[in-house]
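Enquirer: My structure is in protein_32.txt, and what it holds is compact mmCIF, C-alpha atoms and all ligand atoms:
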# COMPACT_ATOMS: atom_id res chain seq x y z
CA MET A 1 0.00 0.00 0.00
CA LYS A 2 1.31 3.41 -0.94
CA ASN A 3 0.78 6.47 1.23
CA LEU A 4 -1.37 9.23 -0.20
CA SER A 5 -2.04 12.82 0.86
CA ILE A 6 -5.29 14.60 0.14
CA TYR A 7 -5.67 18.35 -0.29
CA ILE A 8 -9.01 20.16 -0.45
CA HIS A 9 -9.02 23.71 -1.74
CA ILE A 10 -11.73 25.82 -0.11
CA PRO A 11 -11.87 29.03 -2.16
CA PHE A 12 -14.03 31.25 0.05
CA CYS A 13 -12.59 34.34 1.76
CA ASP A 14 -13.90 37.38 3.57
CA HIS A 15 -11.99 39.70 1.21
CA LYS A 16 -8.92 39.68 -1.01
CA CYS A 17 -5.64 40.47 0.78
CA ILE A 18 -3.31 42.69 -1.26
CA TYR A 19 -0.48 40.16 -1.52
CA CYS A 20 -2.53 37.04 -2.20
CA ASP A 21 -2.35 35.08 -5.45
CA PHE A 22 -4.17 31.95 -4.26
CA TYR A 23 -7.45 31.23 -5.98
CA SER A 24 -10.05 32.73 -3.66
CA ILE A 25 -13.42 34.44 -4.01
CA ILE A 26 -15.34 36.83 -1.82
CA THR A 27 -18.73 35.21 -1.72
CA THR A 28 -20.55 32.58 0.25
CA GLU A 29 -22.72 31.65 -2.71
CA ASN A 30 -22.48 28.19 -4.18
CA GLN A 31 -21.09 26.63 -0.99
CA SER A 32 -23.46 23.68 -1.08
CA ASN A 33 -22.91 23.16 -4.83
CA PHE A 34 -19.19 23.26 -4.11
CA ILE A 35 -19.47 20.56 -1.41
CA ASN A 36 -21.58 18.39 -3.74
CA ALA A 37 -18.94 18.79 -6.45
CA VAL A 38 -16.10 17.88 -4.08
CA THR A 39 -18.09 14.81 -3.01
CA LYS A 40 -18.38 13.64 -6.62
CA GLU A 41 -14.73 14.35 -7.32
CA ILE A 42 -13.66 12.33 -4.25
CA GLY A 43 -15.74 9.36 -5.44
CA TYR A 44 -14.24 9.58 -8.94
CA TYR A 45 -10.58 9.60 -7.86
CA ALA A 46 -11.10 7.04 -5.09
CA GLU A 47 -12.32 4.62 -7.75
CA LEU A 48 -9.27 5.37 -9.93
CA TYR A 49 -6.47 5.49 -7.38
CA GLY A 50 -7.87 4.47 -3.99
CA LYS A 51 -7.50 0.71 -4.18
CA ASN A 52 -3.80 0.34 -3.41
CA ARG A 53 -3.27 3.58 -1.52
CA ILE A 54 -3.89 4.65 2.07
CA VAL A 55 -4.46 8.23 3.15
CA LYS A 56 -1.85 9.50 5.58
CA THR A 57 -2.78 13.19 5.62
CA ILE A 58 -5.75 15.39 4.77
CA TYR A 59 -5.28 19.15 4.41
CA PHE A 60 -7.98 21.82 4.08
CA GLY A 61 -6.34 24.86 2.49
CA GLY A 62 -7.55 27.90 0.70
CA GLY A 63 -8.94 30.44 0.71
CA THR A 64 -10.22 30.34 4.24
CA PRO A 65 -11.49 26.83 5.05
CA SER A 66 -12.78 27.95 8.45
CA TYR A 67 -15.22 30.15 6.56
CA LEU A 68 -17.23 27.02 5.72
CA PRO A 69 -19.85 25.72 8.15
CA VAL A 70 -18.43 22.97 10.36
CA GLN A 71 -21.03 20.55 9.03
CA ALA A 72 -19.64 20.95 5.50
CA ILE A 73 -16.09 20.16 6.64
CA LYS A 74 -17.39 17.17 8.55
CA GLU A 75 -19.16 15.89 5.43
CA VAL A 76 -15.97 16.14 3.37
CA ILE A 77 -13.95 14.23 5.99
CA GLU A 78 -16.62 11.52 6.20
CA ASN A 79 -16.70 11.29 2.46
CA ILE A 80 -12.96 10.78 2.24
CA LYS A 81 -13.17 8.11 4.94
CA ASN A 82 -16.04 6.37 3.14
CA ASN A 83 -14.23 6.34 -0.20
CA PHE A 84 -10.55 5.89 0.66
CA LYS A 85 -8.65 3.75 3.14
CA VAL A 86 -7.46 6.18 5.83
CA TYR A 87 -4.93 5.62 8.64
CA ASP A 88 -6.46 5.81 12.13
CA ASP A 89 -3.87 8.43 13.06
CA CYS A 90 -4.28 10.40 9.82
CA GLU A 91 -3.07 14.00 10.22
CA ILE A 92 -6.02 16.26 9.39
CA THR A 93 -5.10 19.93 9.10
CA LEU A 94 -7.38 22.91 8.65
CA GLU A 95 -6.09 26.36 7.73
CA THR A 96 -7.86 29.11 9.54
CA ASN A 97 -7.60 32.86 9.93
CA PRO A 98 -8.01 34.78 13.17
CA GLY A 99 -11.34 36.54 13.09
CA THR A 100 -13.13 33.67 11.35
CA VAL A 101 -13.29 31.23 14.27
CA ASN A 102 -14.36 31.65 17.87
CA LYS A 103 -13.77 29.15 20.65
CA SER A 104 -16.99 27.23 20.12
CA LYS A 105 -16.37 26.84 16.39
CA LEU A 106 -12.83 25.62 17.13
CA LYS A 107 -14.30 23.06 19.50
CA GLU A 108 -16.78 21.88 16.88
CA LEU A 109 -13.97 21.67 14.31
CA LYS A 110 -11.95 19.53 16.70
CA ASN A 111 -14.92 17.19 17.06
CA THR A 112 -14.92 16.54 13.30
CA GLY A 113 -11.54 14.79 13.65
CA ILE A 114 -9.32 17.72 12.68
CA ASN A 115 -6.17 17.28 14.75
CA ARG A 116 -3.93 20.05 13.43
CA ILE A 117 -4.73 23.70 12.99
CA SER A 118 -2.71 26.16 10.94
CA ILE A 119 -3.41 29.80 11.73
CA GLY A 120 -2.62 32.57 9.23
CA ILE A 121 -1.39 35.24 11.63
CA GLN A 122 1.34 36.83 9.44
CA SER A 123 2.28 39.48 12.04
CA PHE A 124 1.39 40.64 15.53
CA LEU A 125 2.08 44.25 14.64
CA GLU A 126 -1.06 46.29 13.91
CA SER A 127 0.61 48.38 11.20
CA ASP A 128 1.77 45.21 9.36
CA LEU A 129 -1.71 43.72 9.60
CA ASP A 130 -3.26 46.93 8.28
CA PHE A 131 -0.80 47.00 5.43
CA LEU A 132 -1.56 43.36 4.53
CA THR A 133 -5.30 44.16 4.73
CA ARG A 134 -5.85 41.30 7.15
CA ILE A 135 -9.15 41.30 9.04
CA HIS A 136 -7.62 40.57 12.46
CA ASP A 137 -5.59 42.46 15.03
CA LYS A 138 -2.92 41.30 17.48
CA LYS A 139 -5.43 40.55 20.23
CA THR A 140 -7.57 38.34 17.98
CA ALA A 141 -4.49 36.53 16.67
CA ILE A 142 -3.31 35.65 20.18
CA ALA A 143 -6.82 34.74 21.32
CA THR A 144 -7.27 32.38 18.35
CA VAL A 145 -4.12 30.45 19.26
CA GLU A 146 -5.08 30.31 22.94
CA ASN A 147 -8.63 29.24 22.14
CA ALA A 148 -7.34 26.47 19.87
CA ALA A 149 -5.12 25.22 22.71
CA ASP A 150 -7.99 25.54 25.24
CA VAL A 151 -10.29 23.32 23.18
CA GLY A 152 -7.58 20.66 23.01
CA PHE A 153 -5.55 21.19 19.84
CA LYS A 154 -2.01 20.01 20.59
CA ASN A 155 -0.70 20.54 17.10
CA ILE A 156 -0.96 24.26 16.36
CA SER A 157 0.97 25.96 13.59
CA ILE A 158 1.14 29.64 12.74
CA ASP A 159 2.29 31.50 9.60
CA LEU A 160 4.36 34.68 9.82
CA ILE A 161 5.73 36.92 7.06
CA PHE A 162 8.97 38.90 7.24
CA ASN A 163 10.46 41.72 5.21
CA LEU A 164 7.16 43.60 5.10
CA PRO A 165 7.41 47.25 4.02
CA GLY A 166 8.59 49.37 6.93
CA GLN A 167 9.32 46.34 9.12
CA THR A 168 12.43 46.74 11.26
CA LYS A 169 14.57 43.92 12.58
CA SER A 170 13.36 44.64 16.07
CA ASN A 171 9.69 44.51 14.94
CA TRP A 172 10.35 41.13 13.40
CA LEU A 173 12.16 39.84 16.48
CA ASN A 174 9.21 41.04 18.53
CA ASN A 175 6.87 38.96 16.32
CA LEU A 176 9.05 35.89 16.83
CA SER A 177 9.24 36.50 20.60
CA ILE A 178 5.45 36.63 20.87
CA ALA A 179 5.14 33.49 18.72
CA VAL A 180 7.44 31.30 20.82
CA GLU A 181 5.61 32.26 24.02
CA LEU A 182 2.32 30.95 22.60
CA PRO A 183 1.24 27.28 22.71
CA VAL A 184 2.37 26.66 19.14
CA VAL A 185 4.56 23.76 18.02
CA HIS A 186 5.12 24.77 14.41
CA ILE A 187 6.02 28.07 12.76
CA SER A 188 6.13 28.79 9.02
CA ALA A 189 8.11 31.98 8.44
CA TYR A 190 8.08 33.26 4.88
CA SER A 191 9.75 36.23 3.28
CA LEU A 192 7.16 38.43 1.58
CA ILE A 193 6.79 37.23 -2.00
CA ILE A 194 5.57 39.70 -4.57
CA GLU A 195 3.36 37.73 -6.91
CA ARG A 196 2.45 39.04 -10.33
CA GLY A 197 -1.16 40.12 -10.66
CA THR A 198 -1.58 41.06 -7.00
CA ILE A 199 -2.55 44.52 -5.76
CA LEU A 200 0.76 44.66 -3.90
CA ASN A 201 2.70 44.08 -7.09
CA LYS A 202 0.95 47.04 -8.69
CA MET A 203 1.66 49.20 -5.63
CA ILE A 204 5.36 48.35 -5.94
CA LEU A 205 5.41 48.96 -9.70
CA ASP A 206 3.71 52.32 -9.12
CA GLY A 207 6.40 53.20 -6.58
CA LYS A 208 3.89 53.46 -3.72
CA VAL A 209 5.61 50.82 -1.61
CA ASN A 210 9.23 49.81 -1.01
CA ILE A 211 10.43 46.57 0.47
CA GLY A 212 13.79 45.80 2.08
CA ASP A 213 16.59 44.73 -0.28
CA GLU A 214 18.10 41.24 -0.57
CA ASP A 215 20.68 41.83 2.14
CA PHE A 216 18.05 42.95 4.64
CA ASP A 217 15.88 39.98 3.68
CA ALA A 218 18.84 37.59 4.21
CA ASP A 219 19.59 39.23 7.56
CA LEU A 220 15.98 38.72 8.73
CA TYR A 221 16.06 35.13 7.52
CA GLU A 222 19.30 34.38 9.35
CA THR A 223 17.89 36.03 12.46
CA THR A 224 14.79 33.83 12.16
CA ILE A 225 16.78 30.61 11.93
CA ARG A 226 18.97 31.56 14.88
CA PHE A 227 16.15 32.83 17.09
CA LEU A 228 13.84 29.90 16.49
CA ASN A 229 16.63 27.35 16.96
CA GLU A 230 17.54 28.99 20.27
CA ASN A 231 13.91 28.75 21.32
CA GLY A 232 13.42 25.05 20.66
CA PHE A 233 12.14 25.17 17.09
CA GLU A 234 14.14 23.00 14.73
CA GLN A 235 14.34 23.97 11.07
CA TYR A 236 13.18 21.11 8.86
CA GLU A 237 12.58 23.00 5.63
CA VAL A 238 13.64 26.36 4.21
CA SER A 239 10.70 28.20 5.79
CA ASN A 240 9.44 25.73 8.37
CA PHE A 241 10.35 25.20 12.01
CA CYS A 242 8.86 22.94 14.66
CA LYS A 243 9.22 21.46 18.10
CA SER A 244 10.52 17.90 18.02
CA GLY A 245 8.04 15.51 16.35
CA PHE A 246 5.68 18.20 15.07
CA GLU A 247 6.76 18.42 11.44
CA SER A 248 3.81 18.84 9.10
CA LYS A 249 3.34 15.30 7.78
CA HIS A 250 1.34 16.68 4.88
CA ASN A 251 4.07 19.01 3.72
CA LEU A 252 6.72 16.37 4.35
CA ASN A 253 4.89 14.17 1.89
CA TYR A 254 5.13 16.92 -0.78
CA TRP A 255 8.76 17.51 0.00
CA ASN A 256 9.59 13.80 -0.02
CA TYR A 257 8.05 13.63 -3.48
CA GLY A 258 5.10 11.54 -2.31
CA GLU A 259 1.77 11.19 -4.10
CA TYR A 260 -1.20 13.49 -3.49
CA ILE A 261 -4.62 14.24 -4.89
CA GLY A 262 -6.11 17.73 -4.71
CA PHE A 263 -9.84 18.39 -4.77
CA GLY A 264 -11.56 21.69 -5.48
CA PRO A 265 -10.83 24.57 -7.85
CA SER A 266 -7.13 25.20 -8.66
CA ALA A 267 -6.03 22.09 -6.71
CA HIS A 268 -3.01 20.16 -8.02
CA SER A 269 -2.43 16.40 -7.97
CA PHE A 270 0.57 14.13 -8.47
CA ILE A 271 0.37 10.38 -8.97
CA LYS A 272 3.20 8.22 -10.37
CA ASN A 273 4.73 10.46 -13.04
CA LYS A 274 1.61 12.48 -13.79
CA ARG A 275 0.70 15.94 -12.52
CA TRP A 276 -2.64 17.61 -13.17
CA TRP A 277 -4.45 20.70 -11.98
CA ASN A 278 -8.05 21.83 -11.79
CA PHE A 279 -9.76 24.91 -13.22
CA SER A 280 -9.22 28.03 -11.10
CA SER A 281 -12.84 29.09 -11.23
CA LEU A 282 -15.51 27.84 -8.87
CA LYS A 283 -18.23 28.04 -11.49
CA LYS A 284 -16.20 26.19 -14.12
CA TYR A 285 -15.13 23.62 -11.52
CA ILE A 286 -18.71 22.88 -10.51
CA ASP A 287 -19.91 22.73 -14.15
CA GLU A 288 -17.13 20.35 -15.19
CA ILE A 289 -17.65 18.06 -12.20
CA ASN A 290 -21.36 17.92 -12.94
CA LYS A 291 -20.56 16.88 -16.51
CA SER A 292 -17.80 14.33 -15.95
CA ASN A 293 -16.86 14.07 -12.22
CA ARG A 294 -13.54 15.74 -12.93
CA ALA A 295 -12.45 19.34 -13.59
CA VAL A 296 -8.96 19.04 -15.02
CA ARG A 297 -7.62 22.21 -16.62
CA GLY A 298 -4.24 20.76 -17.60
CA SER A 299 -1.82 17.91 -17.03
CA GLU A 300 1.74 16.84 -17.76
CA LEU A 301 3.71 13.64 -17.79
CA LEU A 302 7.06 14.18 -16.15
CA THR A 303 10.19 12.81 -17.78
CA PRO A 304 12.63 10.81 -15.61
CA GLU A 305 14.99 13.80 -15.75
CA GLN A 306 12.32 16.25 -14.54
CA MET A 307 11.44 13.84 -11.73
CA LEU A 308 15.08 13.57 -10.67
CA ASN A 309 15.47 17.37 -10.62
CA GLU A 310 12.26 17.84 -8.63
CA PHE A 311 13.23 15.09 -6.21
CA VAL A 312 16.63 16.70 -5.56
CA MET A 313 15.13 20.18 -5.22
CA LEU A 314 12.30 19.21 -2.88
CA THR A 315 14.21 16.84 -0.64
CA LEU A 316 17.33 18.98 -0.30
CA ARG A 317 15.17 21.93 0.84
CA SER A 318 13.63 19.78 3.58
CA THR A 319 14.68 16.46 5.13
CA GLY A 320 17.64 15.93 2.83
CA ILE A 321 18.37 13.82 -0.25
CA ASN A 322 17.95 10.18 0.65
CA ILE A 323 20.97 8.50 -0.90
CA ASN A 324 19.42 5.03 -1.11
CA GLU A 325 16.25 6.40 -2.65
CA ILE A 326 18.03 8.41 -5.30
CA LYS A 327 20.03 5.31 -6.24
CA LYS A 328 16.91 3.15 -6.35
CA LYS A 329 14.49 5.54 -8.04
CA PHE A 330 16.79 7.44 -10.37
CA LYS A 331 20.08 7.25 -12.19
CA LYS A 332 22.93 6.12 -9.96
CA SER A 333 25.10 8.49 -11.96
CA TRP A 334 23.64 11.56 -10.19
CA LEU A 335 25.79 10.91 -7.14
CA ILE A 336 28.87 10.20 -9.26
CA ASN A 337 28.32 13.34 -11.39
CA ASN A 338 27.93 15.55 -8.34
CA LYS A 339 30.56 13.88 -6.12
CA ASN A 340 33.13 16.69 -6.32
CA LYS A 341 30.54 19.44 -5.92
CA LEU A 342 29.00 17.70 -2.91
CA ASN A 343 32.41 17.25 -1.29
CA GLY A 344 33.14 20.95 -1.88
CA LEU A 345 29.82 21.94 -0.29
CA GLU A 346 30.58 19.72 2.69
CA GLN A 347 34.00 21.31 3.15
CA LYS A 348 32.40 24.77 3.13
CA GLY A 349 29.98 23.65 5.85
CA LEU A 350 26.90 24.05 3.63
CA ILE A 351 25.81 20.41 3.66
CA ILE A 352 26.37 17.36 5.83
CA PHE A 353 26.12 13.65 5.10
CA ASP A 354 23.94 12.36 7.91
CA ASP A 355 22.05 9.10 8.34
CA ASN A 356 22.37 8.28 4.64
CA ARG A 357 21.03 11.68 3.64
CA ILE A 358 22.57 14.81 2.17
CA LYS A 359 21.26 17.63 4.35
CA LEU A 360 21.61 21.40 4.35
CA THR A 361 23.25 22.98 7.39
CA PRO A 362 21.75 26.24 8.79
CA LYS A 363 24.42 28.04 6.73
CA GLY A 364 23.40 25.99 3.68
CA TYR A 365 19.74 26.98 4.03
CA LEU A 366 20.80 30.61 3.48
CA VAL A 367 22.15 29.79 0.02
CA CYS A 368 19.88 26.89 -0.83
CA ASP A 369 18.85 28.25 -4.26
CA GLU A 370 22.47 28.76 -5.34
CA ILE A 371 23.39 25.23 -4.21
CA LEU A 372 20.53 23.77 -6.24
CA LEU A 373 21.55 25.73 -9.32
CA ASN A 374 24.99 24.17 -9.18
CA LEU A 375 23.93 20.54 -8.85
CA ASN A 376 23.04 18.59 -11.97
S1 LIG B 401 -7.23 35.21 3.67
FE1 LIG B 401 -5.54 34.04 2.73
S2 LIG B 401 -6.40 33.09 0.88
FE2 LIG B 401 -7.85 34.70 1.56
S3 LIG B 401 -7.26 36.47 0.38
FE3 LIG B 401 -6.17 36.63 2.31
S4 LIG B 401 -4.18 35.61 1.94
FE4 LIG B 401 -5.56 35.04 0.25
Show this structure as structure tokens.
Expert:
Amino acid sequence: MKNLSIYIHIPFCDHKCIYCDFYSIITTENQSNFINAVTKEIGYYAELYGKNRIVKTIYFGGGTPSYLPVQAIKEVIENIKNNFKVYDDCEITLETNPGTVNKSKLKELKNTGINRISIGIQSFLESDLDFLTRIHDKKTAIATVENAADVGFKNISIDLIFNLPGQTKSNWLNNLSIAVELPVVHISAYSLIIERGTILNKMILDGKVNIGDEDFDADLYETTIRFLNENGFEQYEVSNFCKSGFESKHNLNYWNYGEYIGFGPSAHSFIKNKRWWNFSSLKKYIDEINKSNRAVRGSELLTPEQMLNEFVMLTLRSTGININEIKKKFKKSWLINNKNKLNGLEQKGLIIFDDNRIKLTPKGYLVCDEILLNLN
């Protein structure tokens, strides 16, 4: 039996944040049609791929999944369990935003079987939150984490963004200090990414906003790694840190090049050597599912070379390149071709050979992209 991860994209949001390029819509219309469509899609793919696979993780992302009624989330989980084989200890994560869940809703969510909650806080500083056009303030952010812990969530993750316009190093350190005092076991800390097509991108192009340069960004990143390590959070991927044993199993599956199926508009899937993605329009998604139980916008078959490159890129950025696996799955020659480069990286203290894996050191994480560019 192969392990499988399931992702469900919930596209509904309260409003569009200026930096966001995820597929999301500001409406609560069509929620029940959406759930019906997801139900059909689950049935379709379970029939195709469910027989020799077992679900290890389920992840509700978005959008703002906590915007859906609890009953709808419960239905989707039950549907997955009725159609796929699912591990008893399956990790079930729900992304949520402060301001969209109170304590009683968190409790109800926990009763559906969700055992991991990922909270999109981004910053505890009011001016950052205003800039990002988030709907919450510092108080609501902290209360959401505390409420989640109070109702019994042990596995709480938060997202934070650094290098926001006007953010100083001490502001950022203050954010990290607040975070590590909260009952969270996982922190995702991302540098602000300017995505094309977002309002923020236009603001930058129009010269209305400036963000810190590369050196400042690297300084904040280095500070993040050091501060979180000193406070008991181990780095296990470029942007992800956790207390021992609380890695996101769902993300680890992506980064270990495991298989996954995504349901909902814009969701991506990867099985064997095939990748496909759904239409990024709720209406189109529902129409297509009603016609044929699937809503595939595009697909590609990966060549062995593409798969090798992706495997190296994803695993080096996280738990490290598994030497046995790369020999078994791909060309043995990769290790031979890169032997000298790998030895050089080891001598510079950028990678280590540990437990049959090639892993980045904290220093290596800082130049991860350059290292990847040099390996072939
Ligand atoms: S809440 Fe999240 S998904 Fe929704 S618009 Fe804001 S950043 Fe995008």
Enquirer: Write out, as a Markdown table, each residue of chain A that has an atom at most 6 Å from ligand LIG 401 (chain B), together with the closest pair of atoms and their distance in Å to one decimal, counting all atoms listed in the file, rows going by chain and rising number.
Expert:
| residue | atom | partner | partner_atom | distance |
| --- | --- | --- | --- | --- |
| A:Cys13 | CA | B:LIG401 | FE2 | 4.8 |
| A:His15 | CA | B:LIG401 | S3 | 5.8 |
| A:Lys16 | CA | B:LIG401 | S3 | 3.9 |
| A:Cys17 | CA | B:LIG401 | FE3 | 4.2 |
| A:Cys20 | CA | B:LIG401 | FE4 | 4.4 |
| A:Phe22 | CA | B:LIG401 | FE4 | 5.6 |
| A:Ser24 | CA | B:LIG401 | S2 | 5.8 |
| A:Gly62 | CA | B:LIG401 | S2 | 5.3 |
| A:Gly63 | CA | B:LIG401 | S2 | 3.7 |
| A:Thr64 | CA | B:LIG401 | FE2 | 5.6 |
Enquirer: Using all atoms listed in the file, what table do you get, as a tab-separated table, when you list each residue of stretch 249-366 of chain A with an atom no more than 12 Å from stretch 92-116 of chain A, its nearest pair of atoms, and their distance in Å rounded to one decimal, rows by chain then rising number?
Expert:
residue	atom	partner	partner_atom	distance
A:Lys249	CA	A:Ile92	CA	9.5
A:His250	CA	A:Thr93	CA	8.4
A:Asn251	CA	A:Thr93	CA	10.7
Enquirer: At most 9 Å is the cut-off: for each residue in stretch 280-325 of chain A with any atom that close to an atom of stretch 35-52 of chain A, write down the nearest atom pair and the distance in Å rounded to one decimal, counting all atoms listed in the file, chain first then increasing number, as CSV.
Expert:
residue,atom,partner,partner_atom,distance
A:Tyr285,CA,A:Ala37,CA,8.0
A:Ile286,CA,A:Ala37,CA,5.8
A:Asp287,CA,A:Ala37,CA,8.7
A:Ile289,CA,A:Ala37,CA,5.9
A:Asn290,CA,A:Ala37,CA,7.0
A:Asn293,CA,A:Glu41,CA,5.4
A:Arg294,CA,A:Glu41,CA,5.9
A:Ala295,CA,A:Glu41,CA,8.3
Enquirer: Per residue of stretch 237-349 of chain A within 9 Å of stretch 144-168 of chain A, what are the shortest atom pair and its distance in Å to one decimal, counting only C-alpha atoms, with rows by chain and residue number, as a Markdown table?
Expert:
| residue | atom | partner | partner_atom | distance |
| --- | --- | --- | --- | --- |
| A:Cys242 | CA | A:Ser157 | CA | 8.5 |
| A:Phe246 | CA | A:Asn155 | CA | 7.1 |
| A:Ser248 | CA | A:Ser157 | CA | 8.9 |
Enquirer: Would you list the contacts of A:Phe353 as a PyMOL selection string, taking every protein, DNA or RNA residue within 12 Å and counting only C-alpha atoms, but skipping same-chain residues closer than 4 positions in sequence?
Expert: chain A and resi 316+319-323+342-343+345-347+349+357-361
Enquirer: Between atom CA of A:Leu182 and atom CA of A:Lys139, what is the spacing in Å?
Expert: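 Computing the Euclidean distance for atom CA of A:Lys139 and atom CA of A:Leu182 yields 12.6 Å.
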Enquirer: Between atom CA of A:Leu173 and atom CA of A:Val367, measure the distance and give it in Å to one decimal.
Expert: 21.7 Å
Enquirer: Just the number, please: distance in Å from atom CA of A:Pro65 to atom CA of A:His9, one decimal.
Expert: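 So the answer is 7.9 Å.
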Enquirer: Using only C-alpha atoms for the distances, tell me which of A:Glu259, A:Asp355, A:Glu237, A:Asp21 is nearest to A:Ala189.
Expert: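 Of all the options, A:Glu237 lies closest to A:Ala189.
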Enquirer: For A:Leu366, list every protein, DNA or RNA residue within 12 Å, evaluated using all atoms listed in the file, and leave out those in the same chain fewer than 6 positions away; present the list as a list in words.
Expert: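 Contacts, in chain order: Glu214, Asp215, Asp217, Ala218, Asp219, Leu220, Tyr221, Glu222, Thr223, Thr224, Ile225, Arg226, Gln235, Glu237, Val238, Ser239, Arg317, Gly349, Leu350, Ile351, Leu360 and Leu372 of chain A.
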Enquirer: Using all atoms listed in the file, pick whichever of A:Lys169, A:Lys291, A:Lys339, A:His268 has the shortest atom-to-atom distance to A:Ser5.
Expert: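 Nearest candidate to A:Ser5 out of A:Lys169, A:Lys291, A:Lys339, A:His268: A:His268.
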Enquirer: Is it possible to get the axis-aligned box enclosing stretch 299-305 of chain A (all listed atoms, 3 Å extra per side) as lines of an AutoDock Vina configuration file, with centre and edge lengths in Å rounded to one decimal?
Expert:
center_x = 6.6
center_y = 14.4
center_z = -16.7
size_x = 22.8
size_y = 13.1
size_z = 8.2
